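Reproduced below: final_8.cif, with mmCIF, C-alpha atoms.
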```cif
data_entry
loop_
_atom_site.label_atom_id
_atom_site.label_comp_id
_atom_site.auth_asym_id
_atom_site.auth_seq_id
_atom_site.Cartn_x
_atom_site.Cartn_y
_atom_site.Cartn_z
CA MET A 1 0.00 0.00 0.00
CA ASN A 2 2.74 2.38 1.04
CA ASN A 3 4.64 1.36 -2.06
CA GLY A 4 1.58 2.16 -4.17
CA ILE A 5 1.38 5.72 -2.84
CA LEU A 6 5.08 6.26 -3.52
CA ILE A 7 4.61 5.08 -7.09
CA GLN A 8 1.71 7.51 -7.55
CA ILE A 9 3.74 10.43 -6.17
CA GLY A 10 6.70 9.53 -8.37
CA ARG A 11 4.47 9.28 -11.41
CA PHE A 12 2.91 12.67 -10.58
CA ILE A 13 6.31 14.41 -10.47
CA VAL A 14 7.83 12.61 -13.46
CA LEU A 15 4.81 13.29 -15.67
CA ILE A 16 4.74 17.01 -14.78
CA LEU A 17 8.46 17.40 -15.46
CA ALA A 18 8.21 15.47 -18.73
CA GLN A 19 5.25 17.59 -19.79
CA VAL A 20 6.69 21.02 -19.07
CA LEU A 21 10.31 20.37 -19.97
CA ILE A 22 9.94 18.21 -23.09
CA LEU A 23 6.44 17.84 -24.44
CA ASN A 24 5.36 21.49 -24.24
CA ASP A 25 8.21 22.29 -26.63
CA ILE A 26 7.38 19.77 -29.34
CA ASN A 27 5.08 22.07 -31.34
CA PHE A 28 4.66 19.50 -34.10
CA LEU A 29 3.49 21.25 -37.31
CA GLY A 30 3.71 24.51 -35.41
CA TYR A 31 0.93 24.01 -32.90
CA LEU A 32 0.48 20.38 -31.79
CA ASN A 33 1.58 19.24 -28.35
CA PRO A 34 0.65 15.96 -26.67
CA TYR A 35 -0.65 16.33 -23.12
CA ILE A 36 0.49 13.05 -21.62
CA TYR A 37 0.20 14.10 -17.96
CA ILE A 38 -3.34 12.75 -18.24
CA ILE A 39 -1.76 9.29 -17.81
CA PHE A 40 -1.74 10.02 -14.08
CA ILE A 41 -5.54 10.26 -14.13
CA LEU A 42 -5.83 7.19 -16.36
CA LEU A 43 -3.68 5.01 -14.11
CA ALA A 44 -4.88 6.12 -10.67
CA PRO A 45 -6.18 3.23 -8.53
CA ILE A 46 -9.75 2.20 -9.37
CA ASN A 47 -10.94 2.27 -5.76
CA ILE A 48 -9.49 5.68 -4.86
CA ASN A 49 -11.65 8.07 -2.84
CA ARG A 50 -13.38 10.20 -5.46
CA SER A 51 -13.17 13.51 -3.56
CA LEU A 52 -9.47 13.01 -2.91
CA PHE A 53 -9.00 12.10 -6.56
CA LEU A 54 -10.67 15.34 -7.68
CA VAL A 55 -8.43 17.42 -5.42
CA ILE A 56 -5.27 15.65 -6.64
CA SER A 57 -6.33 16.11 -10.27
CA PHE A 58 -6.95 19.78 -9.61
CA ALA A 59 -3.45 20.11 -8.16
CA LEU A 60 -2.01 18.31 -11.18
CA GLY A 61 -3.76 20.62 -13.64
CA LEU A 62 -2.93 23.76 -11.70
CA THR A 63 0.76 22.84 -11.62
CA ILE A 64 0.78 22.50 -15.40
CA ASP A 65 -1.05 25.85 -15.59
CA VAL A 66 1.53 27.61 -13.44
CA PHE A 67 4.33 26.33 -15.65
CA GLY A 68 2.48 27.23 -18.82
CA ASP A 69 0.97 30.57 -17.72
CA SER A 70 -2.43 29.39 -18.87
CA GLY A 71 -4.77 30.50 -16.08
CA GLY A 72 -6.86 27.53 -15.01
CA ILE A 73 -7.53 25.66 -18.23
CA HIS A 74 -5.57 22.50 -17.43
CA ALA A 75 -7.05 22.39 -13.94
CA ALA A 76 -10.58 22.57 -15.34
CA ALA A 77 -9.84 19.90 -17.96
CA CYS A 78 -8.21 17.62 -15.37
CA ILE A 79 -11.05 17.68 -12.87
CA THR A 80 -13.53 17.04 -15.65
CA ALA A 81 -11.55 14.02 -16.81
CA ALA A 82 -11.29 12.83 -13.20
CA TYR A 83 -15.01 13.33 -12.64
CA ILE A 84 -16.11 11.34 -15.68
CA ARG A 85 -13.57 8.56 -15.13
CA PRO A 86 -16.00 6.09 -13.50
CA LEU A 87 -18.30 6.63 -16.47
CA ALA A 88 -15.50 5.99 -18.95
CA LEU A 89 -14.36 2.91 -17.03
CA ARG A 90 -17.87 1.49 -16.98
CA SER A 91 -18.48 2.01 -20.67
CA ALA A 92 -15.06 0.66 -21.64
CA PHE A 93 -14.70 -2.35 -19.35
CA GLY A 94 -18.30 -3.11 -18.42
CA LEU A 95 -18.65 -5.98 -15.98
CA SER A 96 -15.05 -6.27 -14.87
CA TYR A 97 -15.21 -2.68 -13.64
CA GLU A 98 -18.36 -3.41 -11.63
CA PHE A 99 -16.45 -6.13 -9.80
CA GLN A 100 -13.45 -3.82 -9.24
CA THR A 101 -11.12 -6.25 -10.95
CA VAL A 102 -9.85 -4.05 -13.78
CA LYS A 103 -6.07 -3.96 -14.21
CA LEU A 104 -5.20 -1.68 -17.06
CA GLY A 105 -2.13 -3.78 -17.80
CA ASN A 106 -4.01 -6.96 -18.67
CA THR A 107 -7.08 -5.65 -20.47
CA GLY A 108 -7.56 -6.07 -24.18
CA PHE A 109 -6.20 -3.50 -26.60
CA GLY A 110 -9.66 -2.51 -27.88
CA GLU A 111 -11.09 -1.88 -24.41
CA ARG A 112 -8.06 0.10 -23.40
CA LEU A 113 -8.26 2.20 -26.57
CA VAL A 114 -11.93 3.01 -25.87
CA TYR A 115 -11.07 4.07 -22.32
CA VAL A 116 -8.13 6.27 -23.38
CA THR A 117 -10.15 7.80 -26.21
CA ILE A 118 -13.07 8.83 -24.00
CA MET A 119 -10.78 10.36 -21.38
CA VAL A 120 -8.44 12.15 -23.79
CA VAL A 121 -11.20 13.58 -25.97
CA ALA A 122 -13.17 14.86 -22.96
CA HIS A 123 -10.01 16.42 -21.52
CA HIS A 124 -8.99 18.06 -24.80
CA ILE A 125 -12.42 19.45 -25.67
CA LEU A 126 -12.54 21.32 -22.39
CA LEU A 127 -8.89 22.31 -22.55
CA PHE A 128 -9.08 23.94 -25.96
CA ALA A 129 -12.54 25.41 -25.45
CA LEU A 130 -11.19 27.32 -22.45
CA GLU A 131 -7.87 28.13 -24.09
CA ILE A 132 -9.41 29.63 -27.20
CA PHE A 133 -12.36 31.11 -25.32
CA SER A 134 -14.04 32.77 -28.27
CA VAL A 135 -16.65 31.79 -30.82
CA THR A 136 -14.84 33.43 -33.71
CA HIS A 137 -12.10 30.80 -33.56
CA ALA A 138 -14.44 27.79 -33.75
CA LEU A 139 -12.53 26.26 -36.64
CA LEU A 140 -9.22 26.60 -34.84
CA PHE A 141 -10.80 24.93 -31.81
CA LEU A 142 -12.01 21.93 -33.85
CA LYS A 143 -8.68 21.58 -35.62
CA LYS A 144 -6.63 21.75 -32.44
CA THR A 145 -8.91 19.39 -30.52
CA LEU A 146 -8.98 16.77 -33.25
CA PHE A 147 -5.28 16.66 -34.06
CA SER A 148 -4.04 17.09 -30.51
CA SER A 149 -6.36 14.31 -29.33
CA ILE A 150 -4.97 11.94 -31.95
CA PHE A 151 -1.42 12.93 -31.05
CA THR A 152 -1.99 12.51 -27.31
CA MET A 153 -3.75 9.17 -27.77
CA LEU A 154 -0.91 7.86 -29.88
CA ILE A 155 1.79 8.84 -27.38
CA THR A 156 -0.33 7.69 -24.41
CA MET A 157 -0.94 4.22 -25.87
CA LEU A 158 2.77 3.91 -26.67
CA ILE A 159 3.75 4.88 -23.12
CA LEU A 160 1.18 2.50 -21.62
CA VAL A 161 2.62 -0.36 -23.66
CA LEU A 162 6.27 0.54 -23.07
CA PHE A 163 6.04 1.10 -19.31
CA ARG A 164 3.71 -1.76 -18.48
CA ARG A 165 4.70 -3.39 -15.22
CA ASN A 166 4.82 -7.15 -15.56
CA ASP A 167 3.84 -7.93 -11.99
CA SER A 168 0.53 -6.07 -12.12
CA MET B 1 -32.45 20.54 7.57
CA GLN B 2 -31.76 16.83 7.80
CA GLN B 3 -32.62 16.50 4.13
CA ILE B 4 -30.31 19.32 3.09
CA ILE B 5 -27.41 17.69 4.93
CA ASN B 6 -28.27 14.35 3.40
CA PHE B 7 -28.36 15.95 -0.02
CA LEU B 8 -24.95 17.55 0.54
CA ILE B 9 -23.44 14.25 1.70
CA ARG B 10 -24.92 12.31 -1.18
CA ASN B 11 -23.71 14.77 -3.80
CA LYS B 12 -20.45 15.78 -2.19
CA THR B 13 -18.34 14.64 -5.15
CA PHE B 14 -20.46 16.58 -7.60
CA LEU B 15 -20.42 19.69 -5.40
CA LEU B 16 -16.66 19.46 -4.98
CA PHE B 17 -16.34 19.12 -8.75
CA ILE B 18 -18.49 22.23 -9.29
CA LEU B 19 -16.46 24.18 -6.72
CA LEU B 20 -13.09 23.25 -8.21
CA PHE B 21 -14.40 23.89 -11.72
CA PHE B 22 -15.55 27.33 -10.65
CA VAL B 23 -12.14 28.11 -9.15
CA SER B 24 -10.38 27.13 -12.37
CA LEU B 25 -12.84 29.20 -14.41
CA VAL B 26 -12.02 32.22 -12.26
CA PHE B 27 -8.31 31.69 -12.90
CA THR B 28 -8.99 31.31 -16.61
CA ILE B 29 -11.04 34.49 -16.85
CA GLN B 30 -8.44 36.39 -14.85
CA SER B 31 -5.76 35.25 -17.27
CA HIS B 32 -7.72 36.84 -20.11
CA SER B 33 -7.55 40.29 -18.58
CA TYR B 34 -4.29 42.14 -18.65
CA HIS B 35 -2.50 42.71 -15.33
CA LYS B 36 -4.85 40.60 -13.27
CA SER B 37 -3.35 37.15 -13.65
CA LYS B 38 -0.73 37.47 -10.95
CA PHE B 39 -1.45 34.32 -9.03
CA ILE B 40 -1.02 31.76 -11.79
CA SER B 41 2.29 32.91 -13.18
CA SER B 42 5.49 31.10 -14.07
CA ALA B 43 7.50 34.01 -12.64
CA ASN B 44 8.15 32.38 -9.28
CA PHE B 45 11.20 30.74 -7.80
CA LEU B 46 10.10 27.13 -8.40
CA THR B 47 9.04 27.27 -12.04
CA GLY B 48 11.68 29.88 -12.84
CA GLY B 49 14.34 27.69 -11.26
CA ILE B 50 13.25 24.61 -13.20
CA TYR B 51 13.11 26.51 -16.49
CA GLY B 52 16.51 28.03 -15.74
CA TRP B 53 17.96 24.59 -15.12
CA LYS B 54 16.51 23.40 -18.42
CA SER B 55 17.80 26.46 -20.25
CA SER B 56 21.32 25.86 -18.94
CA ILE B 57 21.26 22.49 -20.72
CA THR B 58 19.45 23.29 -23.94
CA ASP B 59 21.32 26.54 -24.59
CA TYR B 60 24.32 24.57 -25.80
CA PHE B 61 22.40 23.32 -28.81
CA GLY B 62 21.76 26.82 -30.16
CA LEU B 63 25.22 28.30 -29.63
CA GLN B 64 26.18 28.46 -33.27
CA SER B 65 23.09 30.26 -34.54
CA GLU B 66 23.17 32.52 -31.48
CA ASN B 67 26.76 33.49 -32.29
CA GLU B 68 25.90 34.23 -35.89
CA ARG B 69 23.10 36.52 -34.80
CA LEU B 70 25.36 38.34 -32.37
CA VAL B 71 28.02 38.85 -35.02
CA SER B 72 25.52 40.15 -37.57
CA GLU B 73 24.08 42.51 -34.99
CA ASN B 74 27.61 43.69 -34.21
CA GLU B 75 28.18 44.24 -37.91
CA TYR B 76 25.04 46.34 -38.15
CA LEU B 77 25.95 48.40 -35.09
CA ARG B 78 29.51 48.94 -36.31
CA ASN B 79 28.19 50.20 -39.63
CA GLN B 80 25.97 52.65 -37.81
CA LEU B 81 28.79 53.70 -35.55
CA SER B 82 31.10 54.40 -38.47
CA GLN B 83 28.78 57.20 -39.59
CA TYR B 84 29.54 59.07 -36.40
CA ALA B 85 33.26 58.42 -36.35
CA VAL B 86 34.15 60.02 -39.69
CA ASP B 87 35.73 63.12 -38.31
CA THR B 88 36.37 62.84 -34.62
CA LEU B 89 37.91 66.30 -34.34
CA SER B 90 35.05 68.38 -35.68
CA VAL B 91 32.30 66.52 -33.87
CA SER B 92 31.07 68.05 -30.66
CA TYR B 93 30.40 65.59 -27.88
CA ILE B 94 27.68 65.62 -25.29
CA ASP B 95 28.89 64.52 -21.91
CA THR B 96 26.47 61.63 -21.59
CA THR B 97 27.38 60.94 -17.99
CA SER B 98 25.72 64.13 -16.83
CA PHE B 99 22.63 63.89 -19.05
CA GLU B 100 20.24 61.04 -18.61
CA LYS B 101 19.56 59.00 -21.72
CA PRO B 102 15.87 58.71 -22.61
CA TYR B 103 16.04 54.92 -22.76
CA HIS B 104 18.10 52.29 -21.02
CA PHE B 105 18.50 48.74 -22.35
CA THR B 106 19.06 45.64 -20.19
CA LYS B 107 19.88 42.27 -21.66
CA ALA B 108 17.93 39.20 -20.53
CA ARG B 109 17.81 35.53 -21.43
CA VAL B 110 14.59 33.83 -22.49
CA TYR B 111 13.79 30.86 -20.23
CA LYS B 112 10.48 29.90 -21.73
CA ASN B 113 9.13 30.88 -25.11
CA GLU B 114 5.83 29.61 -26.43
CA TYR B 115 3.99 30.33 -29.66
CA SER B 116 1.57 27.46 -30.24
CA LYS B 117 -1.23 28.69 -27.99
CA VAL B 118 -3.66 31.54 -28.50
CA ASP B 119 -2.34 33.43 -25.47
CA ASN B 120 1.41 33.13 -25.26
CA TYR B 121 3.75 34.26 -22.52
CA ILE B 122 7.53 34.43 -22.31
CA LEU B 123 9.61 34.03 -19.17
CA ILE B 124 12.89 35.97 -18.87
CA ASN B 125 15.59 35.75 -16.23
CA LYS B 126 15.57 39.36 -15.00
CA GLY B 127 13.22 40.49 -12.25
CA SER B 128 12.49 43.28 -9.84
CA LYS B 129 15.94 42.74 -8.32
CA HIS B 130 17.42 43.92 -11.62
CA GLY B 131 15.08 46.91 -11.93
CA MET B 132 12.42 45.30 -14.12
CA LEU B 133 8.93 46.76 -13.76
CA PRO B 134 5.59 45.96 -15.41
CA ASP B 135 4.95 47.83 -18.68
CA MET B 136 8.54 47.81 -19.88
CA GLY B 137 9.01 46.91 -23.53
CA VAL B 138 11.00 43.85 -24.64
CA ILE B 139 12.75 43.72 -28.03
CA THR B 140 15.15 41.43 -29.85
CA ASP B 141 17.93 42.48 -32.20
CA GLN B 142 15.49 42.26 -35.13
CA GLY B 143 12.15 43.48 -33.83
CA ILE B 144 9.78 43.74 -30.92
CA MET B 145 8.69 40.84 -28.75
CA GLY B 146 6.30 42.00 -26.02
CA ILE B 147 5.72 43.91 -22.81
CA ILE B 148 6.55 42.83 -19.24
CA GLU B 149 3.35 41.96 -17.44
CA ASN B 150 4.47 40.99 -13.97
CA THR B 151 7.73 40.43 -12.17
CA SER B 152 9.03 38.42 -9.28
CA GLU B 153 12.35 38.96 -7.58
CA GLN B 154 14.39 37.13 -10.20
CA TYR B 155 12.07 36.54 -13.16
CA SER B 156 9.63 38.47 -15.31
CA ARG B 157 6.71 37.30 -17.35
CA VAL B 158 6.39 38.95 -20.72
CA ILE B 159 3.10 39.12 -22.57
CA SER B 160 4.15 38.21 -26.10
CA ILE B 161 2.88 40.04 -29.18
CA LEU B 162 1.50 36.59 -30.02
CA ASN B 163 -1.18 36.95 -27.34
CA GLY B 164 -4.85 37.76 -27.77
CA ASN B 165 -4.65 40.33 -24.97
CA SER B 166 -1.71 42.23 -26.39
CA LYS B 167 -2.27 45.52 -28.22
CA ILE B 168 0.73 47.58 -29.25
CA ASN B 169 0.80 50.87 -31.09
CA ALA B 170 2.59 50.62 -34.41
CA GLY B 171 2.80 52.82 -37.44
CA LEU B 172 4.02 53.04 -41.00
CA LYS B 173 7.62 53.97 -41.62
CA ASN B 174 6.94 56.46 -44.39
CA SER B 175 3.94 58.27 -42.95
CA ASN B 176 2.55 59.14 -39.55
CA GLN B 177 -0.54 56.98 -39.69
CA TYR B 178 -0.72 54.33 -37.02
CA GLY B 179 -2.83 51.45 -35.78
CA SER B 180 -2.76 48.75 -33.15
CA LEU B 181 -0.90 45.51 -33.55
CA VAL B 182 -2.87 42.36 -32.62
CA TRP B 183 -2.63 38.65 -33.36
CA ASN B 184 -5.35 36.35 -34.66
CA GLY B 185 -3.85 33.17 -33.21
CA LYS B 186 -2.96 31.48 -36.48
CA ASN B 187 0.54 31.93 -37.84
CA PRO B 188 3.29 32.83 -35.31
CA ASN B 189 5.15 34.84 -37.96
CA ILE B 190 2.23 36.98 -39.16
CA VAL B 191 0.54 39.59 -36.96
CA GLN B 192 -2.27 41.98 -37.84
CA LEU B 193 -2.27 45.76 -37.84
CA GLU B 194 -5.75 47.17 -37.31
CA THR B 195 -7.46 50.57 -37.40
CA VAL B 196 -5.13 52.18 -39.93
CA PRO B 197 -7.39 54.76 -41.64
CA ARG B 198 -8.06 54.24 -45.34
CA GLN B 199 -6.41 57.54 -46.18
CA ALA B 200 -3.04 55.95 -45.50
CA LEU B 201 -0.98 55.22 -48.58
CA ILE B 202 0.20 51.67 -48.15
CA LYS B 203 1.56 48.99 -50.40
CA GLU B 204 2.92 45.49 -49.97
CA GLY B 205 6.49 45.49 -48.77
CA ASP B 206 6.16 48.64 -46.65
CA THR B 207 7.89 48.55 -43.28
CA ILE B 208 5.98 48.78 -40.01
CA ILE B 209 7.78 50.37 -37.04
CA THR B 210 6.97 51.33 -33.48
CA ASN B 211 5.75 54.91 -33.39
CA GLY B 212 6.89 56.04 -29.96
CA ARG B 213 3.42 57.13 -28.85
CA SER B 214 3.14 54.78 -25.93
CA SER B 215 6.36 55.57 -23.99
CA ILE B 216 6.98 51.80 -23.84
CA PHE B 217 8.95 51.47 -27.06
CA PRO B 218 11.14 54.20 -28.54
CA LYS B 219 10.17 55.38 -32.02
CA GLY B 220 11.58 53.54 -35.00
CA ILE B 221 12.12 49.96 -33.88
CA PRO B 222 11.38 47.81 -36.94
CA ILE B 223 8.53 45.31 -36.52
CA GLY B 224 7.76 43.77 -39.86
CA MET B 225 6.75 44.07 -43.48
CA ILE B 226 3.29 44.34 -45.03
CA THR B 227 2.43 41.15 -46.91
CA HIS B 228 -1.27 41.69 -47.52
CA TYR B 229 -3.92 44.33 -46.86
CA GLU B 230 -7.62 44.87 -47.37
CA LEU B 231 -10.38 47.19 -46.15
CA ASP B 232 -12.46 45.96 -43.23
CA ALA B 233 -16.25 45.58 -43.20
CA SER B 234 -16.88 49.26 -42.46
CA GLN B 235 -14.67 50.28 -45.42
CA ASN B 236 -12.96 52.88 -43.24
CA TYR B 237 -9.96 51.04 -41.92
CA TYR B 238 -7.36 48.73 -43.34
CA LEU B 239 -6.71 45.22 -42.05
CA ILE B 240 -3.04 44.62 -42.66
CA ASP B 241 -1.06 41.38 -42.40
CA VAL B 242 2.45 42.04 -41.17
CA LYS B 243 5.26 39.52 -41.48
CA LEU B 244 7.52 39.90 -38.44
CA PHE B 245 11.24 40.52 -38.95
CA ASN B 246 12.16 38.40 -35.94
CA ASP B 247 11.40 34.70 -35.80
CA MET B 248 9.20 34.39 -32.71
CA THR B 249 9.82 30.65 -32.60
CA ASP B 250 13.57 31.05 -32.09
CA ILE B 251 14.51 33.63 -29.48
CA GLY B 252 17.55 33.39 -27.20
CA PHE B 253 18.45 36.81 -25.82
CA VAL B 254 16.31 39.92 -25.57
CA TYR B 255 16.69 43.54 -24.46
CA VAL B 256 14.35 45.13 -21.95
CA ILE B 257 13.76 48.85 -22.46
CA ARG B 258 13.41 51.17 -19.51
CA SER B 259 12.10 54.60 -20.43
CA ASN B 260 13.56 57.22 -18.11
CA ASN B 261 10.84 59.74 -18.95
CA VAL B 262 7.92 57.43 -18.31
CA VAL B 263 6.91 59.00 -14.99
CA GLU B 264 6.92 62.49 -16.46
CA ILE B 265 4.86 61.39 -19.48
CA GLN B 266 2.35 59.57 -17.32
CA GLU B 267 1.90 62.61 -15.07
CA LEU B 268 1.19 64.74 -18.13
CA GLU B 269 -1.31 62.22 -19.48
CA ASN B 270 -3.15 61.71 -16.19
CA PRO B 271 -2.93 65.08 -14.45
CA THR B 272 -5.66 64.23 -11.95
CA LYS B 273 -3.75 61.43 -10.31
#
```

Just dump the structure as C-alpha cells.
Amino acid sequence: MNNGILIQIGRFIVLILAQVLILNDINFLGYLNPYIYIIFILLAPININRSLFLVISFALGLTIDVFGDSGGIHAAACITAAYIRPLALRSAFGLSYEFQTVKLGNTGFGERLVYVTIMVVAHHILLFALEIFSVTHALLFLKKTLFSSIFTMLITMLILVLFRRNDS
Amino acid sequence: MQQIINFLIRNKTFLLFILLFFVSLVFTIQSHSYHKSKFISSANFLTGGIYGWKSSITDYFGLQSENERLVSENEYLRNQLSQYAVDTLSVSYIDTTSFEKPYHFTKARVYKNEYSKVDNYILINKGSKHGMLPDMGVITDQGIMGIIENTSEQYSRVISILNGNSKINAGLKNSNQYGSLVWNGKNPNIVQLETVPRQALIKEGDTIITNGRSSIFPKGIPIGMITHYELDASQNYYLIDVKLFNDMTDIGFVYVIRSNNVVEIQELENPTK
C-alpha cells in the first residue's frame, strides 16, 4: 500500500516534469503538443476516494497551468476528466469494472483504446474550449482538438505499452 | 435541515467538482484580462528555477546560430557607428554621464518561449531585483517581442505580441498613420495591424515600425513588413497582415527597455492622479 502511494507520487512528479520540460516544446506542425500528464488520471487506482482524486487532479492541472501561464484551463480539464472517469471505465470495461477487478495492464487493446479515447477527448475538448475562449475561432478549436487528441492518444498508448509493469 | 445535509453528503463529489471547476474558471477568466493574472504565473522561484535549469542544458544546442546573430548585430551596429566616427575632431560631444539618456537597455535571457497557444507568454531571467517593472518593452535584435506583465524577484513574465490580450501601437515607416498591432492566433510569424485609416498610402512590402506614442517602445524599432492588406467591413480602416522581422519561434536573448521619462509622461497624461 505504502509502495503504491510512492509510485503515484513519483508518477505525478515525473509526468509534470516530462510535460513542461519536453512535451510542451514539441510544437509539431507549429501548434500540436501531446498532453500526456493525463496518464496520471488514467492510471490512478480504481478504488481511490473520489473527492481526494478530484483534489489531486486539480493540483495536477494547476501545476501545469503555473508552468504554462495558462490561467486555469488545465485544472478545469483535469477535474472534468477525473469526474467522468468512472463513467469511462464502466463504458469501456463493463462488468469487470463493476467487480473492481480491472487492471489496465491486462485488459484487451480494444477496451483500453476506448477508455483512453473517451478520457483524452473529454479532456482536450474542455482544454481547448477554455484556451481559445471565443466563438470566432471555432474552426481553430475543432482543428486543435482533433489533431491534438490523436497525437496525445498515440503517445499515451505507446507509453502505456512501453512502461507496463509485468507484476501487475 | 436533515434533508439538506443528506443531499450535501450524497452529492459531495459533484459539489466538490463544481467548486473546483468554478475556481479554475475564475483563474482562466483572470488570465484573459491584462495585469490581473498574478497568481497563476510562471515568474516564481520554483518554475523559474526549473526553467533556468533546463535552459542551462538546452542553450548549448543553439550556440552556433546565437553566435551568428550576435556577429551580424555587431556588424550592423559597427556600420551605424562608423557614420559618427568620420571626423572625430570636428564633432562636438555631449557629456552623456551628466545627461540622462531617454532609454536604457538591459539584456535578458529567455527561459520559456511559447507560440503554439492563442495566449502566449515568455519568461525571462531578469526580475524586480534587476530593476524590471511591469509595462517595460521587450525587443530582440530584429524586432519587438512584447511587454513585461508581472515580475518576481528574479524573473519576469512577458506578454508576447502573439497573445490575444496584447495591443501595441505601431505605425508606417513612411507616414505618420498608425494602428494597433494584434494577433489572430494562427501563424506565429504573421501579426495583424488594425485601425489604420483608409487615407493611409500603403503597399505590400512597406515597413511597419513602433511609433513612440506609448512611452513603452522608442520610435523607430522595426517590426515587420506588409504582406497583404484589405479594407475591413466598415470600409474605413485597413486590415493589414504584417510579417515579423524576428522569428518568434527562435529567441535566445532579448533587451528590456526602460524609459527614463515614463513617470513624467504619465503625469502629463493623467494630471488628476

Taken to one decimal, the CA of Leu77 in chain B-CA of Gln192 in chain B distance is 29.1 Å

> For chain B against chain A, which residues fall within 7 Å using all atoms listed in the file, given as JSON, numbers by chain?
Replying inline: {"B": [13, 17, 21, 24, 25, 27, 28, 31, 40, 41, 42, 47, 116, 118, 121]}

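One finds CA of Lys167 in chain B at 14.1 Å from CA of Gly212 in chain B.
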
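CA of Val182 in chain B is found 7.7 Å from CA of Asn163 in chain B.
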
*asked:* Applying the PyMOL selection byres ((chain B and resi 48-64) around 8) to the file I just gave you, which residues come out? Please list them as a list of chain:residue names.
replied: A:Leu21, B:Ser42, B:Ala43, B:Asn44, B:Phe45, B:Leu46, B:Thr47, B:Ser65, B:Glu66, B:Asn67, B:Glu68, B:Tyr111, B:Lys112, B:Leu123, B:Asn125, B:Tyr155

Would you list the contacts of Pro34 in chain A as a list of chain:residue names, taking every protein, DNA or RNA residue within 12 Å and counting only C-alpha atoms, but skipping same-chain residues closer than 6 positions in sequence?
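So the residues in contact are A:Ala18, A:Gln19, A:Val20, A:Ile22, A:Leu23, A:Asn24, A:Asp25, A:Ile26, A:Asn27, A:Phe28, A:Val120, A:His123, A:His124, A:Lys144, A:Thr145, A:Leu146, A:Phe147, A:Ser148, A:Ser149, A:Ile150, A:Phe151, A:Thr152, A:Met153, A:Leu154, A:Ile155, A:Thr156, A:Met157.
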
- Task: For the structure shown, which residues end up in the PyMOL selection byres ((chain B and resi 145) around 6)? Put them as a list in words, please?
- Result: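 Here the PyMOL selection byres ((chain B and resi 145) around 6) matches Val138, Ile139, Ile144, Gly146, Ser160 and Ile161 of chain B.
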
| message | Taking 3 positions as the minimum chain separation for residues in the same chain, which residues sit within 10 Å of Trp183 in chain B when counting all atoms listed in the file? Answer as a VMD selection string. | response | chain B and resid 118 to 119 160 to 167 186 to 194 241 to 242

Selection result for the PyMOL selection byres ((chain B and resi 265) around 12) on this file, as a list of chain:residue names: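 Residues picked by the PyMOL selection byres ((chain B and resi 265) around 12): B:Pro102, B:Gly212, B:Arg213, B:Ser214, B:Ser215, B:Ile216, B:Ser259, B:Asn260, B:Asn261, B:Val262, B:Val263, B:Glu264, B:Gln266, B:Glu267, B:Leu268, B:Glu269, B:Asn270, B:Pro271.
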
Test item: residues at most 12 Å from Glu73 in chain B, all atoms listed in the file, excluding those fewer than 6 positions along its chain, as a VMD selection string: chain B and resid 66 to 67 79 to 80 140 to 142

Could you take the residues named above and write them with C-alpha atoms, as a CSV table (one decimal), keeping the file's coordinate frame?
```
chain,number,residue,atom,x,y,z
B,66,GLU,CA,23.2,32.5,-31.5
B,67,ASN,CA,26.8,33.5,-32.3
B,79,ASN,CA,28.2,50.2,-39.6
B,80,GLN,CA,26.0,52.6,-37.8
B,140,THR,CA,15.2,41.4,-29.8
B,141,ASP,CA,17.9,42.5,-32.2
B,142,GLN,CA,15.5,42.3,-35.1
```

> Mind listing as a PyMOL selection string all residues within 8 Å of (7.6, 53.7, -33.8), counting all atoms listed in the file?
Replying inline: chain B and resi 169-171+173+209-213+217-222

Could you write out that same residue set with C-alpha atoms as a PDB file, in the coordinates of the input?
```
ATOM      1  CA  ASN B 169       0.800  50.870 -31.090  1.00  0.00           C
ATOM      2  CA  ALA B 170       2.590  50.620 -34.410  1.00  0.00           C
ATOM      3  CA  GLY B 171       2.800  52.820 -37.440  1.00  0.00           C
ATOM      4  CA  LYS B 173       7.620  53.970 -41.620  1.00  0.00           C
ATOM      5  CA  ILE B 209       7.780  50.370 -37.040  1.00  0.00           C
ATOM      6  CA  THR B 210       6.970  51.330 -33.480  1.00  0.00           C
ATOM      7  CA  ASN B 211       5.750  54.910 -33.390  1.00  0.00           C
ATOM      8  CA  GLY B 212       6.890  56.040 -29.960  1.00  0.00           C
ATOM      9  CA  ARG B 213       3.420  57.130 -28.850  1.00  0.00           C
ATOM     10  CA  PHE B 217       8.950  51.470 -27.060  1.00  0.00           C
ATOM     11  CA  PRO B 218      11.140  54.200 -28.540  1.00  0.00           C
ATOM     12  CA  LYS B 219      10.170  55.380 -32.020  1.00  0.00           C
ATOM     13  CA  GLY B 220      11.580  53.540 -35.000  1.00  0.00           C
ATOM     14  CA  ILE B 221      12.120  49.960 -33.880  1.00  0.00           C
ATOM     15  CA  PRO B 222      11.380  47.810 -36.940  1.00  0.00           C
TER      16      PRO B 222
END
```

Counting all atoms listed in the file, the residue of A:Leu158, A:Ile5, A:Ile36, A:Ile16 that sits nearest Ala59 in chain A: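 Comparing A:Leu158, A:Ile5, A:Ile36, A:Ile16 against Ala59 in chain A, the winner is A:Ile16.
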
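By only C-alpha atoms, and with residues fewer than 3 positions from range 226-230 of chain B along its chain excluded, the set lying at most 8 Å from it is Lys203, Glu204, Gly205, Asp206, Thr207, Ile208, Tyr238, Leu239, Ile240, Asp241, Val242 and Lys243 of chain B.
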
**Asked** Which is closer to Gly10 in chain A than all the others in A:Leu127, A:Gly110, A:Ala138, A:Phe40, using only C-alpha atoms?
**Response**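 Using only C-alpha atoms, Gly10 in chain A sits closest to A:Phe40.
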
So for range 18-34 of chain B, what box centre and size do we get, axis-aligned, 8 Å extra on each of the six sides, every listed atom, Å to one decimal, as AutoDock Vina command-line options?
```
--center_x -11.4 --center_y 32.2 --center_z -13.4 --size_x 30.2 --size_y 35.9 --size_z 29.4
```

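Once only C-alpha atoms are considered, the residues situated within 8 Å of the file point (12.4, 39.1, -13.4) turn out to be Ala43, Ile124, Asn125, Lys126, Gly127, Ser128, Lys129, His130, Met132, Thr151, Ser152, Glu153, Gln154, Tyr155, Ser156 and Arg157 of chain B.
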